[in-house]
$ cat data-v9.cif   # mmCIF, C-alpha atoms
data_input
#
loop_
_atom_site.label_atom_id
_atom_site.label_comp_id
_atom_site.auth_asym_id
_atom_site.auth_seq_id
_atom_site.Cartn_x
_atom_site.Cartn_y
_atom_site.Cartn_z
CA MET Q 1459 -2.23 3.81 -5.04
CA ALA Q 1460 -2.63 1.81 -1.83
CA SER Q 1461 0.16 -0.45 -0.63
CA CYS Q 1462 0.18 -4.01 0.69
CA PRO Q 1463 0.60 -4.04 4.48
CA LEU Q 1464 2.73 -7.21 4.23
CA CYS Q 1465 5.32 -6.24 1.60
CA GLY Q 1466 4.74 -2.53 0.90
CA GLN Q 1467 4.21 -3.01 -2.85
CA PRO Q 1468 1.10 -1.63 -4.62
CA ASN Q 1469 -1.86 -3.85 -3.75
CA GLN Q 1470 -3.57 -3.30 -7.14
CA CYS Q 1471 -6.95 -2.80 -5.44
CA ALA Q 1472 -9.67 -1.86 -7.93
CA VAL Q 1473 -11.67 -0.02 -5.26
CA ALA Q 1474 -8.65 2.10 -4.31
CA LEU Q 1475 -8.33 2.96 -8.01
CA GLY Q 1476 -11.98 4.07 -8.17
CA ARG Q 1477 -13.27 0.99 -10.00
CA ARG Q 1478 -16.01 -1.48 -9.06
CA SER Q 1479 -15.09 -4.11 -6.46
CA GLN Q 1480 -16.23 -6.87 -8.83
CA SER Q 1481 -13.41 -5.93 -11.20
CA CYS Q 1482 -10.71 -6.44 -8.56
CA TRP Q 1483 -8.18 -9.27 -8.91
CA CYS Q 1484 -9.14 -10.55 -5.44
CA MET Q 1485 -12.59 -11.57 -6.63
CA ASN Q 1486 -11.08 -14.36 -8.76
CA THR Q 1487 -7.89 -15.26 -6.88
CA PRO Q 1488 -7.65 -17.65 -3.92
CA VAL Q 1489 -6.12 -15.85 -0.94
CA SER Q 1490 -3.69 -17.62 1.40
CA LEU Q 1491 -5.21 -17.93 4.87
CA LEU Q 1492 -1.73 -17.61 6.37
CA ALA Q 1493 -1.19 -14.32 4.53
CA LEU Q 1494 -4.45 -12.99 5.96
CA ALA Q 1495 -3.48 -14.23 9.44
CA LEU Q 1496 -0.22 -12.24 9.20
CA LEU Q 1497 -2.11 -8.97 8.91
CA PRO Q 1498 -2.16 -6.97 12.11
CA GLU Q 1499 -5.60 -7.37 13.70
CA GLN Q 1500 -6.45 -3.66 13.36
CA GLU Q 1501 -5.81 -3.86 9.58
CA ARG Q 1502 -7.93 -6.95 8.88
CA GLY Q 1503 -10.87 -5.99 6.72
CA GLN Q 1504 -9.41 -2.49 6.36
CA ARG Q 1505 -6.41 -2.88 4.00
CA CYS Q 1506 -5.87 -5.09 0.97
CA ILE Q 1507 -2.83 -7.25 0.42
CA CYS Q 1508 -1.22 -7.59 -3.02
CA PRO Q 1509 -1.74 -10.51 -5.44
CA THR Q 1510 1.76 -11.87 -4.78
CA CYS Q 1511 1.28 -12.04 -0.99
CA ALA Q 1512 -2.30 -13.27 -1.43
CA GLN Q 1513 -1.04 -16.27 -3.39
CA GLY Q 1514 1.68 -17.04 -0.85
CA GLN Q 1515 4.45 -16.26 -3.31
CA LYS Q 1516 6.65 -14.40 -0.85
CA GLY Q 1517 7.63 -17.43 1.20
CA LEU Q 1518 4.15 -17.87 2.61
CA PRO Q 1519 2.50 -21.25 2.21
CA SER Q 1520 -0.81 -20.97 0.36
#
$ encode --input "data-v9.cif" --output "structure tokens"
Amino acid sequence: MASCPLCGQPNQCAVALGRRSQSCWCMNTPVSLLALALLPEQERGQRCICPTCAQGQKGLPS
């Protein structure tokens, strides 16, 4: 299972688990722009963050 580049926890990515992208949690969850901005530039669009980081629940404002 792939890990979140921000916290290291499993990112719960449906695609990484071999499922359709439409079934992924990220298709129905707002993602914190700050969380995305914290990703290293070379990882943007390449690695998925986890639902907790995406929602700004690790001290990140949403």
$ residues_around --input "data-v9.cif" --residues "Pro1463 in chain Q" --least-positions-apart "2" --cutoff "9 Å" --atoms "only C-alpha atoms" --output "number ranges by chain"
Q: 1461, 1465-1467, 1469, 1497-1498, 1501, 1505-1508
$ atom_distance --input "data-v9.cif" --atom1 "CA of Ser1481 in chain Q" --atom2 "CA of Leu1494 in chain Q"
20.6 Å
$ residues_around --input "data-v9.cif" --residues "Cys1511 in chain Q" --least-positions-apart "6" --cutoff "8 Å" --atoms "all atoms listed in the file" --output "ChimeraX atom specification"
/Q:1464-1465,1490,1493,1518
$ resolve_selection --input "data-v9.cif" --expression "the PyMOL selection byres ((chain Q and resi 1489) around 9)" --output "short mmCIF file (atom, residue, chain, number, x, y, z; two decimals) with C-alpha atoms, keeping the file's coordinate frame"
data_model
loop_
_atom_site.label_atom_id
_atom_site.label_comp_id
_atom_site.auth_asym_id
_atom_site.auth_seq_id
_atom_site.Cartn_x
_atom_site.Cartn_y
_atom_site.Cartn_z
CA CYS Q 1484 -9.14 -10.55 -5.44
CA THR Q 1487 -7.89 -15.26 -6.88
CA PRO Q 1488 -7.65 -17.65 -3.92
CA SER Q 1490 -3.69 -17.62 1.40
CA LEU Q 1491 -5.21 -17.93 4.87
CA LEU Q 1492 -1.73 -17.61 6.37
CA ALA Q 1493 -1.19 -14.32 4.53
CA LEU Q 1494 -4.45 -12.99 5.96
CA PRO Q 1509 -1.74 -10.51 -5.44
CA CYS Q 1511 1.28 -12.04 -0.99
CA ALA Q 1512 -2.30 -13.27 -1.43
CA GLN Q 1513 -1.04 -16.27 -3.39
CA GLY Q 1514 1.68 -17.04 -0.85
CA SER Q 1520 -0.81 -20.97 0.36
#
$ residues_around --input "data-v9.cif" --residues "range 1473-1477 of chain Q" --least-positions-apart "3" --cutoff "8 Å" --atoms "all atoms listed in the file" --output "PDB file with C-alpha atoms, in the frame of the given file"
ATOM      1  CA  MET Q1459      -2.230   3.810  -5.040  1.00  0.00           C
ATOM      2  CA  ALA Q1460      -2.630   1.810  -1.830  1.00  0.00           C
ATOM      3  CA  GLN Q1470      -3.570  -3.300  -7.140  1.00  0.00           C
ATOM      4  CA  SER Q1481     -13.410  -5.930 -11.200  1.00  0.00           C
ATOM      5  CA  CYS Q1482     -10.710  -6.440  -8.560  1.00  0.00           C
TER       6      CYS Q1482
END
$ axis_aligned_box --input "data-v9.cif" --around "range 1494-1512 of chain Q" --padding-each-side "4 Å" --output "JSON"
{"center_x": -4.6, "center_y": -8.4, "center_z": 4.1, "size_x": 20.6, "size_y": 19.7, "size_z": 27.1}
$ build_atoms --input "data-v9.cif" --residues "range 1466-1481 of chain Q" --atoms "N, CA, C and O atoms" --output "PDB file, keeping the file's coordinate frame"
ATOM      1  N   GLY Q1466       4.563  -3.941   1.251  1.00  0.00           N
ATOM      2  CA  GLY Q1466       4.740  -2.530   0.900  1.00  0.00           C
ATOM      3  C   GLY Q1466       4.576  -2.219  -0.583  1.00  0.00           C
ATOM      4  O   GLY Q1466       4.597  -1.057  -0.971  1.00  0.00           O
ATOM      5  N   GLN Q1467       4.396  -3.233  -1.423  1.00  0.00           N
ATOM      6  CA  GLN Q1467       4.210  -3.010  -2.850  1.00  0.00           C
ATOM      7  C   GLN Q1467       2.759  -2.575  -3.121  1.00  0.00           C
ATOM      8  O   GLN Q1467       1.889  -2.774  -2.285  1.00  0.00           O
ATOM      9  N   PRO Q1468       2.481  -1.996  -4.297  1.00  0.00           N
ATOM     10  CA  PRO Q1468       1.100  -1.630  -4.620  1.00  0.00           C
ATOM     11  C   PRO Q1468       0.193  -2.854  -4.542  1.00  0.00           C
ATOM     12  O   PRO Q1468       0.557  -3.931  -5.022  1.00  0.00           O
ATOM     13  N   ASN Q1469      -0.974  -2.691  -3.928  1.00  0.00           N
ATOM     14  CA  ASN Q1469      -1.860  -3.850  -3.750  1.00  0.00           C
ATOM     15  C   ASN Q1469      -2.795  -4.065  -4.948  1.00  0.00           C
ATOM     16  O   ASN Q1469      -3.518  -5.048  -4.990  1.00  0.00           O
ATOM     17  N   GLN Q1470      -2.783  -3.167  -5.909  1.00  0.00           N
ATOM     18  CA  GLN Q1470      -3.570  -3.300  -7.140  1.00  0.00           C
ATOM     19  C   GLN Q1470      -5.072  -3.406  -6.873  1.00  0.00           C
ATOM     20  O   GLN Q1470      -5.810  -4.057  -7.600  1.00  0.00           O
ATOM     21  N   CYS Q1471      -5.536  -2.757  -5.819  1.00  0.00           N
ATOM     22  CA  CYS Q1471      -6.950  -2.800  -5.440  1.00  0.00           C
ATOM     23  C   CYS Q1471      -7.796  -1.951  -6.389  1.00  0.00           C
ATOM     24  O   CYS Q1471      -7.531  -0.758  -6.568  1.00  0.00           O
ATOM     25  N   ALA Q1472      -8.786  -2.571  -7.005  1.00  0.00           N
ATOM     26  CA  ALA Q1472      -9.670  -1.860  -7.930  1.00  0.00           C
ATOM     27  C   ALA Q1472     -10.441  -0.755  -7.218  1.00  0.00           C
ATOM     28  O   ALA Q1472     -10.618   0.335  -7.762  1.00  0.00           O
ATOM     29  N   VAL Q1473     -10.896  -1.008  -6.010  1.00  0.00           N
ATOM     30  CA  VAL Q1473     -11.670  -0.020  -5.260  1.00  0.00           C
ATOM     31  C   VAL Q1473     -10.809   1.208  -4.965  1.00  0.00           C
ATOM     32  O   VAL Q1473     -11.252   2.345  -5.120  1.00  0.00           O
ATOM     33  N   ALA Q1474      -9.553   0.987  -4.583  1.00  0.00           N
ATOM     34  CA  ALA Q1474      -8.650   2.100  -4.310  1.00  0.00           C
ATOM     35  C   ALA Q1474      -8.379   2.919  -5.569  1.00  0.00           C
ATOM     36  O   ALA Q1474      -8.067   4.103  -5.489  1.00  0.00           O
ATOM     37  N   LEU Q1475      -8.531   2.277  -6.732  1.00  0.00           N
ATOM     38  CA  LEU Q1475      -8.330   2.960  -8.010  1.00  0.00           C
ATOM     39  C   LEU Q1475      -9.619   3.565  -8.554  1.00  0.00           C
ATOM     40  O   LEU Q1475      -9.656   4.076  -9.661  1.00  0.00           O
ATOM     41  N   GLY Q1476     -10.714   3.476  -7.769  1.00  0.00           N
ATOM     42  CA  GLY Q1476     -11.980   4.070  -8.170  1.00  0.00           C
ATOM     43  C   GLY Q1476     -12.824   3.193  -9.076  1.00  0.00           C
ATOM     44  O   GLY Q1476     -13.766   3.681  -9.687  1.00  0.00           O
ATOM     45  N   ARG Q1477     -12.485   1.900  -9.152  1.00  0.00           N
ATOM     46  CA  ARG Q1477     -13.270   0.990 -10.000  1.00  0.00           C
ATOM     47  C   ARG Q1477     -14.194   0.145  -9.125  1.00  0.00           C
ATOM     48  O   ARG Q1477     -14.106   0.155  -7.903  1.00  0.00           O
ATOM     49  N   ARG Q1478     -15.068  -0.612  -9.772  1.00  0.00           N
ATOM     50  CA  ARG Q1478     -16.010  -1.480  -9.060  1.00  0.00           C
ATOM     51  C   ARG Q1478     -15.272  -2.631  -8.381  1.00  0.00           C
ATOM     52  O   ARG Q1478     -14.304  -3.158  -8.926  1.00  0.00           O
ATOM     53  N   SER Q1479     -15.746  -3.027  -7.203  1.00  0.00           N
ATOM     54  CA  SER Q1479     -15.090  -4.110  -6.460  1.00  0.00           C
ATOM     55  C   SER Q1479     -15.114  -5.419  -7.241  1.00  0.00           C
ATOM     56  O   SER Q1479     -14.181  -6.217  -7.144  1.00  0.00           O
ATOM     57  N   GLN Q1480     -16.139  -5.639  -8.057  1.00  0.00           N
ATOM     58  CA  GLN Q1480     -16.230  -6.870  -8.830  1.00  0.00           C
ATOM     59  C   GLN Q1480     -15.119  -6.994  -9.857  1.00  0.00           C
ATOM     60  O   GLN Q1480     -14.829  -8.092 -10.328  1.00  0.00           O
ATOM     61  N   SER Q1481     -14.480  -5.887 -10.213  1.00  0.00           N
ATOM     62  CA  SER Q1481     -13.410  -5.930 -11.200  1.00  0.00           C
ATOM     63  C   SER Q1481     -12.033  -6.159 -10.566  1.00  0.00           C
ATOM     64  O   SER Q1481     -11.035  -6.258 -11.276  1.00  0.00           O
TER      65      SER Q1481
END
